[in-house]
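File shown: protein.tsv. Contents: TSV, C-alpha atoms and all ligand atoms.
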chain	number	residue	atom	x	y	z
A	1	MET	CA	9.91	-15.15	-29.38
A	2	PHE	CA	8.35	-15.57	-25.96
A	3	ILE	CA	8.38	-12.61	-23.53
A	4	SER	CA	7.04	-12.78	-19.98
A	5	PHE	CA	6.31	-9.99	-17.50
A	6	GLU	CA	6.69	-10.65	-13.81
A	7	GLY	CA	6.26	-8.65	-10.63
A	8	ILE	CA	4.00	-8.34	-7.65
A	9	GLU	CA	0.47	-6.90	-7.92
A	10	GLY	CA	0.40	-3.32	-9.14
A	11	SER	CA	4.00	-3.32	-10.40
A	12	GLY	CA	2.80	-2.15	-13.82
A	13	LYS	CA	2.79	-5.37	-15.87
A	14	SER	CA	-0.57	-4.80	-17.59
A	15	THR	CA	0.32	-1.17	-18.32
A	16	GLN	CA	3.61	-2.13	-20.00
A	17	ILE	CA	2.14	-5.13	-21.82
A	18	GLN	CA	-0.51	-2.86	-23.35
A	19	LEU	CA	2.18	-0.41	-24.51
A	20	LEU	CA	4.34	-3.20	-25.93
A	21	LYS	CA	1.37	-4.75	-27.69
A	22	GLU	CA	0.54	-1.40	-29.35
A	23	PHE	CA	4.18	-0.86	-30.32
A	24	LEU	CA	4.47	-4.33	-31.89
A	25	ASN	CA	1.09	-3.98	-33.60
A	26	GLN	CA	2.36	-0.78	-35.26
A	27	LYS	CA	5.27	-2.81	-36.62
A	28	GLY	CA	2.83	-5.39	-37.97
A	29	LEU	CA	4.15	-8.00	-35.54
A	30	ASN	CA	0.75	-8.56	-33.85
A	31	PRO	CA	1.73	-10.42	-30.67
A	32	VAL	CA	-0.36	-13.03	-28.89
A	33	VAL	CA	-1.00	-11.79	-25.34
A	34	ILE	CA	-1.78	-14.32	-22.63
A	35	ARG	CA	-2.43	-14.29	-18.90
A	36	GLU	CA	-1.89	-16.84	-16.20
A	37	PRO	CA	-3.65	-18.75	-14.87
A	38	GLY	CA	-6.04	-18.84	-17.83
A	39	GLY	CA	-5.84	-18.23	-21.56
A	40	THR	CA	-7.68	-21.43	-22.60
A	41	GLN	CA	-11.22	-22.58	-21.84
A	42	ILE	CA	-9.98	-25.04	-19.24
A	43	GLY	CA	-7.37	-22.57	-17.96
A	44	GLU	CA	-9.98	-19.87	-17.36
A	45	LYS	CA	-11.97	-22.34	-15.24
A	46	VAL	CA	-8.80	-23.08	-13.27
A	47	ARG	CA	-8.27	-19.31	-12.89
A	48	ASP	CA	-11.71	-19.03	-11.36
A	49	ILE	CA	-10.99	-21.81	-8.84
A	50	PHE	CA	-7.56	-20.36	-8.16
A	51	LEU	CA	-8.55	-16.75	-7.51
A	52	THR	CA	-11.90	-17.17	-5.79
A	53	LYS	CA	-11.71	-16.63	-2.06
A	54	THR	CA	-12.59	-19.69	0.00
A	55	ASN	CA	-12.84	-20.51	3.71
A	56	GLU	CA	-11.29	-23.89	3.03
A	57	TYR	CA	-7.53	-24.29	3.56
A	58	PHE	CA	-5.93	-23.96	0.13
A	59	ASP	CA	-2.88	-26.22	0.15
A	60	PRO	CA	0.05	-24.49	-1.61
A	61	LEU	CA	0.75	-27.76	-3.44
A	62	THR	CA	-2.82	-27.70	-4.77
A	63	GLU	CA	-2.03	-24.19	-5.98
A	64	VAL	CA	1.05	-25.45	-7.81
A	65	LEU	CA	-0.86	-28.29	-9.45
A	66	LEU	CA	-3.70	-26.00	-10.52
A	67	LEU	CA	-1.22	-23.49	-11.94
A	68	TYR	CA	0.57	-26.21	-13.86
A	69	SER	CA	-2.66	-27.71	-15.23
A	70	SER	CA	-3.55	-24.29	-16.61
A	71	ARG	CA	0.02	-23.73	-17.83
A	72	LYS	CA	0.17	-27.09	-19.61
A	73	GLN	CA	-3.08	-26.34	-21.47
A	74	LEU	CA	-1.84	-22.88	-22.39
A	75	ASP	CA	1.53	-24.13	-23.56
A	76	THR	CA	0.07	-26.94	-25.67
A	77	ASN	CA	-2.85	-25.05	-27.19
A	78	VAL	CA	-1.57	-21.49	-27.46
A	79	ILE	CA	2.14	-20.87	-26.79
A	80	LYS	CA	3.76	-23.70	-28.76
A	81	PRO	CA	1.48	-23.28	-31.84
A	82	ALA	CA	2.01	-19.48	-31.83
A	83	LEU	CA	5.78	-19.77	-31.55
A	84	SER	CA	5.85	-22.44	-34.29
A	85	ALA	CA	3.94	-20.01	-36.51
A	86	GLY	CA	6.68	-17.42	-35.87
A	87	LYS	CA	4.54	-15.19	-33.66
A	88	ILE	CA	5.58	-13.19	-30.61
A	89	VAL	CA	3.94	-14.34	-27.37
A	90	ILE	CA	3.66	-11.97	-24.41
A	91	ALA	CA	2.70	-13.47	-21.05
A	92	ASP	CA	1.33	-11.58	-18.06
A	93	ARG	CA	3.18	-13.78	-15.56
A	94	PHE	CA	4.57	-17.27	-16.22
A	95	ALA	CA	6.59	-19.95	-14.43
A	96	ASP	CA	8.79	-17.54	-12.42
A	97	ALA	CA	5.60	-16.50	-10.63
A	98	THR	CA	5.15	-20.04	-9.29
A	99	ILE	CA	8.68	-19.97	-7.90
A	100	ALA	CA	8.11	-16.52	-6.41
A	101	TYR	CA	4.60	-17.03	-4.98
A	102	GLN	CA	4.45	-20.73	-4.11
A	103	ALA	CA	8.14	-21.52	-3.38
A	104	TYR	CA	9.32	-18.27	-1.77
A	105	GLY	CA	5.90	-17.03	-0.63
A	106	LYS	CA	4.44	-20.34	0.60
A	107	SER	CA	7.44	-22.63	1.13
A	108	VAL	CA	6.70	-25.25	-1.54
A	109	PRO	CA	10.05	-26.89	-2.35
A	110	LYS	CA	11.59	-25.11	-5.31
A	111	ASP	CA	12.97	-28.38	-6.70
A	112	PHE	CA	9.49	-29.91	-6.86
A	113	ILE	CA	8.27	-27.01	-9.00
A	114	ALA	CA	11.39	-27.09	-11.19
A	115	GLN	CA	11.01	-30.85	-11.73
A	116	LEU	CA	7.31	-30.55	-12.59
A	117	HIS	CA	8.11	-27.74	-15.01
A	118	SER	CA	10.76	-29.76	-16.74
A	119	ASP	CA	8.77	-33.04	-16.81
A	120	LEU	CA	5.80	-31.26	-18.39
A	121	GLU	CA	8.13	-29.85	-21.07
A	122	ILE	CA	6.82	-26.34	-20.64
A	123	THR	CA	8.26	-23.69	-22.98
A	124	ASN	CA	10.60	-21.21	-21.31
A	125	PRO	CA	10.47	-17.49	-22.10
A	126	ASP	CA	13.31	-16.01	-24.17
A	127	LEU	CA	13.06	-12.72	-22.32
A	128	THR	CA	11.51	-11.83	-18.96
A	129	PHE	CA	10.90	-8.38	-17.50
A	130	PHE	CA	10.74	-8.34	-13.72
A	131	ILE	CA	9.20	-5.00	-12.76
A	132	ASP	CA	10.30	-4.46	-9.19
A	133	ILE	CA	8.39	-2.38	-6.63
A	134	LEU	CA	8.15	-2.42	-2.84
A	135	PRO	CA	5.17	-4.32	-1.38
A	136	GLU	CA	4.00	-1.09	0.30
A	137	LEU	CA	3.70	0.58	-3.10
A	138	SER	CA	1.90	-2.47	-4.44
A	139	LYS	CA	-0.72	-2.18	-1.70
A	140	ALA	CA	-1.15	1.55	-2.38
A	141	ARG	CA	-1.50	1.04	-6.14
A	142	ILE	CA	-4.08	-1.73	-5.91
A	143	SER	CA	-6.05	-0.25	-2.98
A	144	ASP	CA	-8.99	0.63	-5.24
A	145	ARG	CA	-9.22	-2.87	-6.77
A	146	GLU	CA	-11.68	-5.41	-5.48
A	147	SER	CA	-9.00	-7.82	-4.31
A	148	ASP	CA	-8.94	-11.47	-5.35
A	149	ARG	CA	-7.52	-14.28	-3.23
A	150	MET	CA	-3.86	-13.52	-4.04
A	151	GLU	CA	-4.20	-9.73	-3.88
A	152	SER	CA	-5.54	-9.99	-0.32
A	153	GLU	CA	-2.23	-11.37	0.97
A	154	SER	CA	-0.13	-9.39	3.46
A	155	ILE	CA	2.82	-7.07	2.87
A	156	LYS	CA	5.00	-9.72	4.53
A	157	PHE	CA	3.89	-12.28	1.95
A	158	PHE	CA	4.63	-9.91	-0.93
A	159	SER	CA	8.09	-9.22	0.53
A	160	LYS	CA	8.80	-12.95	0.28
A	161	VAL	CA	7.43	-13.05	-3.27
A	162	ARG	CA	9.61	-10.10	-4.21
A	163	SER	CA	12.69	-11.87	-2.86
A	164	GLY	CA	11.68	-14.90	-4.95
A	165	TYR	CA	11.59	-12.77	-8.07
A	166	GLN	CA	14.95	-11.25	-7.16
A	167	ALA	CA	16.37	-14.78	-6.86
A	168	CYS	CA	14.92	-15.73	-10.28
A	169	ALA	CA	16.52	-12.61	-11.77
A	170	LYS	CA	19.86	-13.59	-10.28
A	171	ASP	CA	19.61	-17.19	-11.54
A	172	ALA	CA	18.48	-16.61	-15.12
A	173	GLU	CA	20.14	-14.41	-17.71
A	174	ARG	CA	16.87	-13.97	-19.61
A	175	VAL	CA	15.45	-11.91	-16.71
A	176	ILE	CA	15.85	-8.12	-16.88
A	177	THR	CA	15.00	-6.28	-13.66
A	178	ILE	CA	13.40	-2.87	-14.09
A	179	GLY	CA	12.69	-0.47	-11.24
A	180	GLY	CA	8.93	0.00	-11.19
A	181	THR	CA	8.91	3.43	-9.56
A	182	ASP	CA	10.20	5.23	-12.67
A	183	SER	CA	7.58	6.83	-14.91
A	184	ILE	CA	5.49	4.59	-17.16
A	185	GLU	CA	7.21	6.19	-20.18
A	186	ASP	CA	10.76	5.66	-18.85
A	187	ILE	CA	10.04	2.03	-18.04
A	188	PHE	CA	8.61	1.48	-21.49
A	189	VAL	CA	11.71	2.94	-23.16
A	190	LYS	CA	13.82	0.29	-21.40
A	191	ILE	CA	11.42	-2.49	-22.37
A	192	LYS	CA	11.21	-1.31	-25.96
A	193	GLU	CA	15.01	-1.16	-26.22
A	194	ALA	CA	15.46	-4.69	-24.89
A	195	VAL	CA	12.74	-6.13	-27.14
A	196	ALA	CA	13.95	-4.27	-30.21
A	197	LYS	CA	17.49	-5.56	-29.59
A	198	LYS	CA	16.29	-9.13	-29.18
A	199	LEU	CA	14.06	-8.94	-32.26
A	200	ASN	CA	16.61	-6.97	-34.24
A	201	VAL	CA	14.01	-4.39	-35.25
A	202	SER	CA	14.17	-0.59	-35.23
A	203	MET	CA	12.77	1.20	-32.17
A	204	GLU	CA	11.15	4.08	-34.07
B	301	LIG	P1	-0.12	-5.04	-12.64
B	301	LIG	O1	-0.64	-5.48	-13.99
B	301	LIG	O2	1.32	-5.39	-12.44
B	301	LIG	O3	-0.98	-5.45	-11.48
B	301	LIG	P2	-0.94	-2.40	-13.50
B	301	LIG	O4	-0.29	-2.19	-14.84
B	301	LIG	O5	-2.39	-2.76	-13.49
B	301	LIG	O6	-0.12	-3.44	-12.64
B	301	LIG	O7	-0.69	-1.06	-12.68
B	301	LIG	C1	-1.26	-0.87	-11.38
B	301	LIG	C2	-1.61	0.61	-11.17
B	301	LIG	O8	-0.39	1.36	-11.08
B	301	LIG	C3	-2.40	1.22	-12.31
B	301	LIG	O9	-3.31	2.15	-11.75
B	301	LIG	C4	-1.36	1.89	-13.16
B	301	LIG	O10	-1.87	2.99	-13.88
B	301	LIG	C5	-0.35	2.33	-12.12
B	301	LIG	N1	1.03	2.33	-12.64
B	301	LIG	C6	1.59	1.40	-13.45
B	301	LIG	N2	2.87	1.70	-13.71
B	301	LIG	C7	3.14	2.85	-13.01
B	301	LIG	C8	4.31	3.67	-12.87
B	301	LIG	N3	5.46	3.37	-13.47
B	301	LIG	N4	4.20	4.76	-12.11
B	301	LIG	C9	3.04	5.07	-11.48
B	301	LIG	N5	1.91	4.35	-11.57
B	301	LIG	C10	1.95	3.24	-12.34

For the structure just supplied, provide its representation as structure tokens.
Ligand code: ADP
Amino acid sequence: MFISFEGIEGSGKSTQIQLLKEFLNQKGLNPVVIREPGGTQIGEKVRDIFLTKTNEYFDPLTEVLLLYSSRKQLDTNVIKPALSAGKIVIADRFADATIAYQAYGKSVPKDFIAQLHSDLEITNPDLTFFIDILPELSKARISDRESDRMESESIKFFSKVRSGYQACAKDAERVITIGGTDSIEDIFVKIKEAVAKKLNVSME
């Protein structure tokens, strides 16, 4: 079972992934947790290129190709083997993020990304949690972080990304939208319920 978490910066993905990981560990289900871009030796190098600030114009199509080179490595070397071994994989962002950030945020044609995704035979998540917050709250929550290249983007950009995520949620049944302003505990109850239902395990 492959679960992805999506949302703009500061929406609470890492917080919820940590809680879910602990919950599943207690059940002896020990999930494999991955992050994008990255998660393989080559992917972590791509992550470095991707997130490091540069004065050079960073073409959004270059972004897509870098993301997909990292994603392909991750899928081949980590996701597919883990799923074949019956493990649960939890991803901190996956392909929906490319639609949200590069298609909606930076106007790369959505069809190009969808075609690349399909041609590369990338695994699709079974369940996706889109934790939705306003861009203003995102900025406030991440204000004490040393921002990387993506986190330095404007509120206007994050509004476009958010609308991209909302479109993904509308298009795909696997996506569950959760309001990110509820308490950490309340959000986790919803996530736990959805995962338990999908896995057919008890929530206690
Ligand atoms: P992300 O991984 O999506 O960037 P984080 O999980 O790192 O987000 O959360 C960003 C910040 O917001 C952290 O300081 C975290 O403690 C806080 N936070 C996360 N979820 C909530 C919530 N539901 N309510 C209030 N603060 C939250």

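For the choices A:Asp126, A:Glu153, A:Glu121, A:Glu22, the atom-to-atom distance to Glu9 in chain A is smallest for A:Glu153 when using only C-alpha atoms.
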
Excluding Gly39 in chain A and any residue of its chain fewer than 3 positions from it, enumerate the residues within 10 Å of it, using only C-alpha atoms, and give them as an mmCIF file with C-alpha atoms, in the coordinates of the input.
data_model
loop_
_atom_site.group_PDB
_atom_site.id
_atom_site.type_symbol
_atom_site.label_atom_id
_atom_site.label_comp_id
_atom_site.auth_asym_id
_atom_site.auth_seq_id
_atom_site.Cartn_x
_atom_site.Cartn_y
_atom_site.Cartn_z
ATOM 1 C CA VAL A 33 -1.000 -11.790 -25.340
ATOM 2 C CA ILE A 34 -1.780 -14.320 -22.630
ATOM 3 C CA ARG A 35 -2.430 -14.290 -18.900
ATOM 4 C CA GLU A 36 -1.890 -16.840 -16.200
ATOM 5 C CA ILE A 42 -9.980 -25.040 -19.240
ATOM 6 C CA GLY A 43 -7.370 -22.570 -17.960
ATOM 7 C CA GLU A 44 -9.980 -19.870 -17.360
ATOM 8 C CA LYS A 45 -11.970 -22.340 -15.240
ATOM 9 C CA ARG A 47 -8.270 -19.310 -12.890
ATOM 10 C CA SER A 70 -3.550 -24.290 -16.610
ATOM 11 C CA ARG A 71 0.020 -23.730 -17.830
ATOM 12 C CA GLN A 73 -3.080 -26.340 -21.470
ATOM 13 C CA LEU A 74 -1.840 -22.880 -22.390
ATOM 14 C CA ASP A 75 1.530 -24.130 -23.560
ATOM 15 C CA ASN A 77 -2.850 -25.050 -27.190
ATOM 16 C CA VAL A 78 -1.570 -21.490 -27.460
ATOM 17 C CA ILE A 79 2.140 -20.870 -26.790
ATOM 18 C CA ALA A 91 2.700 -13.470 -21.050
#

Top pick for closest residue to Gln16 in chain A, considering A:Ile90, A:Gly38, A:Ala114, A:Lys198 and counting all atoms listed in the file: A:Ile90

Contacts with ligand LIG 301 (chain B) at most 6 Å, all atoms listed in the file counted, listed as a PyMOL selection string: chain A and resi 9-15+141+180-184

8 Å contact set for Lys72 in chain A, all atoms listed in the file, chain neighbours under 3 positions out, as a list in words: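 Listed by chain and then number, they are Tyr68, Ser69, Asp75, Thr76, Leu120 and Ile122 of chain A.
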